[in-house]
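Engineer: I have a structure I would like to understand better, so I am pasting it below and will then ask my questions one at a time.
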There are 2 protein chains.
Amino acid sequence: MSNMRSAPTLDDVAKKAGVSTATVSRCLNAPDRVVEATRKRVMSAVETLGYTPNFAARVMAAKRTFTIGAIIPTMENAIFARGLQAFQEELHRSGYTLLVSSSAYKPDVEEEQIRTLVARGADGLLLIGHDRDPKIYEYLERQKTPALVAWSFIPDARTPSIGFSNRDAMFALAQEVIRLGHTRIGMISGISQGNDRARLRIKGVKDALAANGLPPEALSVIETSYEIESGADAFAGLMSGGPSPSVVLCGNDVLAAGALRKALQLGMRVPEDVSITGFDDIELARIVSPALTTVHVPHREMGLRAACGLVDMVERKTAAASINLETEIKIRASLGPCPK
Amino acid sequence: MSNMRSAPTLDDVAKKAGVSTATVSRCLNAPDRVVEATRKRVMSAVETLGYTPNFAARVMAAKRTFTIGAIIPTMENAIFARGLQAFQEELHRSGYTLLVSSSAYKPDVEEEQIRTLVARGADGLLLIGHDRDPKIYEYLERQKTPALVAWSFIPDARTPSIGFSNRDAMFALAQEVIRLGHTRIGMISGISQGNDRARLRIKGVKDALAANGLPPEALSVIETSYEIESGADAFAGLMSGGPSPSVVLCGNDVLAAGALRKALQLGMRVPEDVSITGFDDIELARIVSPALTTVHVPHREMGLRAACGLVDMVERKTAAASINLETEIKIRASLGPCPK
DNA sequence: ATTGATAATGCAAGCGCTTACATTGCAAGG
DNA sequence: CCTTGCAATGTAAGCGCTTGCATTATCAAT
């Protein structure tokens, strides 16, 4: 007993405290169901043995893990960081642990991660965006694992979502841009294939064009990966072919930062020669100069609400109501009127 | 059998395929130990039932999870993102899954996360930096969970580390700064308490002062949290009291970005009036203008090596050899000679 | 004291899987 | 035709925990 070769088990604790394993278990999970004196004895045994419950065993027996999984497209930039932080804080408050993995924007990787997390017994899952193979949703239903979508709001989607309307947000920004006289508009978007957020942001711009009587040709879109360099390259691409746009709307702040840097490198003044906008309003947007006009997303609130919603789904087994949060356009120096 | 209410188990598959559970298990884990015909039959049963192995049960029986845990101080900025990405990629290549959680730089949170991850059966753990309560290391040893430290290299530490010498890196940068004629040096550091990386970076600067015959008073250090705003505030603090430094060395690029922004806000020119340097060389360093002189850390290589090392520790049960990677000073526009 | 009611604890059956060991089947050598 | 030796498969014992139910202790009321 004194020099165990491996981690102590419930049995060891029970023996040491002179009680049954059931009592030890109760001490740990429902302390008030066991009398003070016994509890103390057990706890001290736990202490001296340095006992930690075996998670897998606990999960098997209890069928609950108090774990929520989240799969985000990337950790390489801060887009999801703040929202996730709030999500995790709220989860922690409710006694849940958050496990995060990132899919690098690859659907097959995402699917694997989802399966992994579910197989690991995640009580619920946070997913980013709605677009994914329907069989994944079927799988989730079969496994009875509640899932909640964030960073996108689509009413009546198969999975409830807590987010914002990417289309409306971008529509509003485009309206503002058009109001400033811009008629040749460039857009640097993320890959829209399998990404409703990117897709709907493009749609928002297109809708704004139409609403203002501008022809579809007024917009040229480049889709690229969400990296600074890609943003820079795409910007160069936009500026090289034919009549160059007077404003470039970017799918997120990272792309916008890349575009901005390239613009300055090319000797263009922002916003005098060309305007550039972002999306998300992460810290980066205020760090670059000129600061980025962008769409502010209420990341923290979204994370918090998502946590509450998901915990609810897990505990009451009720489908959470979707929530549409408001975004807000932050006008900063990178957007100006259309040059002559 | 035809309308199961819950997820199918090994037993269901075995029954459907007309074999024993052992055979099904072998089909999944050692396909070549079962003959072709049987395997096919089993696999098709797996398919039609939509069977997914229960992870907890598997872990309990096999005592392996093929999971590696990593606890990083923060996900809010990109400092750890790139290295972690490489870490995860390499892990994936070896068949492991990475689970990440963030401690918000709080030791007690970190301890809890470590216990959580271990209890969840992580086969190995990646930790950032060496400084932590010794009892955590004891716990890890007792649980026989191999751990590897990254982002810091300290030879002969209790836990092997794959990283770089924070002290040497900062020493080299300070040398360069001093060579440029600076004699009043400010430093904005992260909280050094419980953070060997921050501590050793400060030490690097102090050593450089000493090596160049400068008095300790030539350096004034402010310790603050790792956020942009903190960097800005600290910069203002440094500039307000007494003779202001001609150069401000920052503990990381985020702090430097904050300091830089504040400097520009205060109407100071960088580097004409004051020089500013960072650490890490994350993307941010090249985005701000002027671009930051900083210490380049080989994040991807570190992540990759750490993954190999950790997998090795897990599989061969051998303590990995520590590796000291080289950092490199990236001279960019934010550092200039000491103004008159 | 005795009796109930109730609180505290113990007993033991799983949870779904892996794996050491036992059994069976079959081809080749005697 | 009967052994032998393997390869393929089956049997069943756990892994460490939770929890429904059974048992025992406690204590107030009779």
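Starting from 1 in every chain, residues are counted up; chains themselves are A, B, ... following the order of the structure tokens, and ligands are numbered from 1 as listed.
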Would you mind listing what lies within 8 Å of Ile128 of chain B as number ranges by chain, with only C-alpha atoms (C1' of nucleotides) counted and same-chain residues fewer than 5 positions away left out?
Structural biologist: B: 71-73, 149-152
Engineer: Residues of chain C no more than 8 Å from chain A, counting only C-alpha atoms (C1' of nucleotides): send them over as a list in words.
Structural biologist: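 Close enough to count are DA8, DT9, DG10, DC15 and DG16 of chain C.
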Engineer: Go ahead and save the residues from that selection, with C-alpha atoms (C1' of nucleotides), as a short mmCIF file (atom, residue, chain, number, x, y, z; two decimals), in the first residue's frame.
Structural biologist:
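This is the output file out.cif:
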```cif
data_model
loop_
_atom_site.label_atom_id
_atom_site.label_comp_id
_atom_site.auth_asym_id
_atom_site.auth_seq_id
_atom_site.Cartn_x
_atom_site.Cartn_y
_atom_site.Cartn_z
"C1'" DA C 8 -25.83 6.71 6.08
"C1'" DT C 9 -23.46 3.18 4.09
"C1'" DG C 10 -22.54 -1.16 1.65
"C1'" DC C 15 -20.90 0.66 -18.62
"C1'" DG C 16 -18.32 -1.02 -23.75
#
```
Engineer: Using only C-alpha atoms, I'd like a table of the residues in chain B that come within 9 Å of chain A; for each, show the closest atom pair and its distance in Å rounded to one decimal, ordered by chain and ascending number, as CSV.
Structural biologist:
```
residue,atom,partner,partner_atom,distance
B:Arg5,CA,A:Arg142,CA,8.7
B:Ser6,CA,A:Gln143,CA,7.1
B:Ala7,CA,A:Gln143,CA,5.8
B:Gly50,CA,A:Tyr139,CA,8.2
B:Thr52,CA,A:Ala119,CA,7.0
B:Pro53,CA,A:Ala119,CA,6.8
B:Asn54,CA,A:Ala119,CA,5.6
B:Phe55,CA,A:Arg120,CA,5.1
B:Ala56,CA,A:Ala56,CA,4.5
B:Ala57,CA,A:Met60,CA,6.3
B:Arg58,CA,A:Ala56,CA,8.6
B:Val59,CA,A:Ala56,CA,6.4
B:Met60,CA,A:Ala56,CA,6.0
B:Met75,CA,A:Ala81,CA,5.9
B:Glu76,CA,A:Ala81,CA,5.2
B:Asn77,CA,A:Ala78,CA,6.0
B:Ala78,CA,A:Asn77,CA,6.0
B:Phe80,CA,A:Glu76,CA,8.6
B:Ala81,CA,A:Glu76,CA,5.1
B:Arg82,CA,A:Glu76,CA,6.2
B:Leu84,CA,A:Met75,CA,8.9
B:Gln85,CA,A:Glu76,CA,7.7
B:Thr97,CA,A:Thr116,CA,8.3
B:Leu98,CA,A:Ser101,CA,7.2
B:Leu99,CA,A:Leu99,CA,6.2
B:Val100,CA,A:Val100,CA,5.7
B:Ser101,CA,A:Leu99,CA,6.5
B:Ser102,CA,A:Gln85,CA,8.8
B:Gln113,CA,A:Thr97,CA,8.8
B:Arg115,CA,A:Thr52,CA,7.9
B:Thr116,CA,A:Phe55,CA,8.4
B:Val118,CA,A:Phe55,CA,8.6
B:Ala119,CA,A:Phe55,CA,5.0
B:Arg120,CA,A:Phe55,CA,5.0
B:Gly121,CA,A:Phe55,CA,7.1
B:Tyr139,CA,A:Gly50,CA,7.7
B:Arg142,CA,A:Ala7,CA,6.3
B:Gln143,CA,A:Ala7,CA,5.5
B:Lys144,CA,A:Ser6,CA,7.7
B:Ile228,CA,A:Glu283,CA,8.4
B:Ala257,CA,A:Ile287,CA,7.4
B:Gly258,CA,A:Ile287,CA,8.1
B:Arg261,CA,A:Ile287,CA,7.2
B:Glu283,CA,A:Ile228,CA,8.3
B:Leu284,CA,A:Leu284,CA,8.0
B:Ile287,CA,A:Val288,CA,6.8
B:Val288,CA,A:Val288,CA,5.6
B:Ser289,CA,A:Ser289,CA,7.5
```
Engineer: Starting from chain D, keep only residues with some atom at most 9 Å from an atom of chain A, counting only C-alpha atoms (C1' of nucleotides), and report them as a tab-separated table (two decimals) with N, CA and C atoms (P, O5', C5', C4', C3', O3' and C1' of nucleotides), in the first residue's frame.
Structural biologist:
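Result file iface.tsv:
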```tsv
chain	number	residue	atom	x	y	z
D	15	DC	P	-8.52	-5.14	-13.00
D	15	DC	O5'	-8.66	-3.80	-13.85
D	15	DC	C5'	-7.80	-3.50	-14.94
D	15	DC	C4'	-8.37	-2.32	-15.66
D	15	DC	C3'	-8.99	-1.29	-14.73
D	15	DC	O3'	-8.05	-0.25	-14.49
D	15	DC	C1'	-10.40	-1.74	-16.66
D	16	DG	P	-7.65	0.07	-12.97
D	16	DG	O5'	-8.78	1.12	-12.56
D	16	DG	C5'	-8.91	2.31	-13.31
D	16	DG	C4'	-10.23	2.95	-12.98
D	16	DG	C3'	-10.47	3.18	-11.49
D	16	DG	O3'	-10.92	4.51	-11.35
D	16	DG	C1'	-12.29	2.03	-12.43
D	17	DC	P	-11.35	5.13	-9.98
D	17	DC	O5'	-12.92	5.23	-10.19
D	17	DC	C5'	-13.44	6.23	-11.06
D	17	DC	C4'	-14.81	5.85	-11.53
D	17	DC	C3'	-15.93	6.16	-10.55
D	17	DC	O3'	-16.46	7.44	-10.89
D	17	DC	C1'	-16.21	4.05	-11.69
D	18	DT	P	-17.55	8.10	-9.87
D	18	DT	O5'	-18.90	7.37	-10.33
D	18	DT	C5'	-19.46	7.72	-11.58
D	18	DT	C4'	-20.78	6.99	-11.76
D	18	DT	C3'	-21.90	7.44	-10.84
D	18	DT	O3'	-23.08	7.45	-11.63
D	18	DT	C1'	-21.58	5.12	-10.60
D	19	DT	P	-24.35	8.28	-11.19
D	19	DT	O5'	-25.38	7.15	-10.77
D	19	DT	C5'	-25.47	5.96	-11.56
D	19	DT	C4'	-26.34	4.95	-10.83
D	19	DT	C3'	-27.27	5.54	-9.77
D	19	DT	O3'	-28.46	4.77	-9.77
D	19	DT	C1'	-25.89	3.96	-8.77
```
Engineer: Fewer than 3 positions away in the same chain doesn't count, so skip those; otherwise give me all residues within 12 Å of DC27 of chain D, counting only C-alpha atoms (C1' of nucleotides), as a PyMOL selection string.
Structural biologist: chain C and resi 3-7
Engineer: Can you check which residues of segment 159-308 of chain B DSSP gives as helix (DSSP H, G or I) on the backbone and send them as JSON, numbers by chain?
Structural biologist: {"B": [166, 167, 168, 169, 170, 171, 172, 173, 174, 175, 176, 177, 178, 179, 196, 197, 198, 199, 200, 201, 202, 203, 204, 205, 206, 207, 208, 209, 210, 211, 216, 217, 218, 228, 229, 230, 231, 232, 233, 234, 235, 236, 237, 238, 239, 240, 253, 254, 255, 256, 257, 258, 259, 260, 261, 262, 263, 264, 265, 284, 285, 286, 287, 299, 300, 301, 302, 303, 304, 305, 306, 307, 308]}
Engineer: For each of A:Leu127, A:Val46, A:Ala321, A:Ala122, take the minimum atom-to-atom distance to Arg305 of chain A, counting only C-alpha atoms, then give the residue where this is smallest.
Structural biologist: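 Selected residue with least distance to Arg305 of chain A: A:Ala321.
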Engineer: Identify, on the basis of only C-alpha atoms (C1' of nucleotides), every residue whose closest approach to Asp207 of chain B does not exceed 12 Å; exclude the query and any residue fewer than 6 positions from it along the same chain; express the result as a PyMOL selection string.
Structural biologist: chain B and resi 167-175+178+200-201+213-216+219
Engineer: Going by DSSP on the backbone, which residues of segment 25-131 of chain A come out as strand (DSSP E or B)? List them as an MDAnalysis selection string.
Structural biologist: chainID A and resid 67:72 97:102 124:128
Engineer: At what distance in Å, to one decimal, does atom CA of Leu310 of chain A lie from atom CA of Glu90 of chain A?
Structural biologist: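 If I compute the distance from atom CA of Glu90 of chain A to atom CA of Leu310 of chain A, I get 10.7 Å.
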Engineer: With only C-alpha atoms as the basis for distance, which of A:Ser44, A:Ser275, A:Ser246, A:Ser230 is at the shortest distance from Cys27 of chain A?
Structural biologist: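 Between A:Ser44, A:Ser275, A:Ser246, A:Ser230, the residue approaching Cys27 of chain A most closely is A:Ser44.
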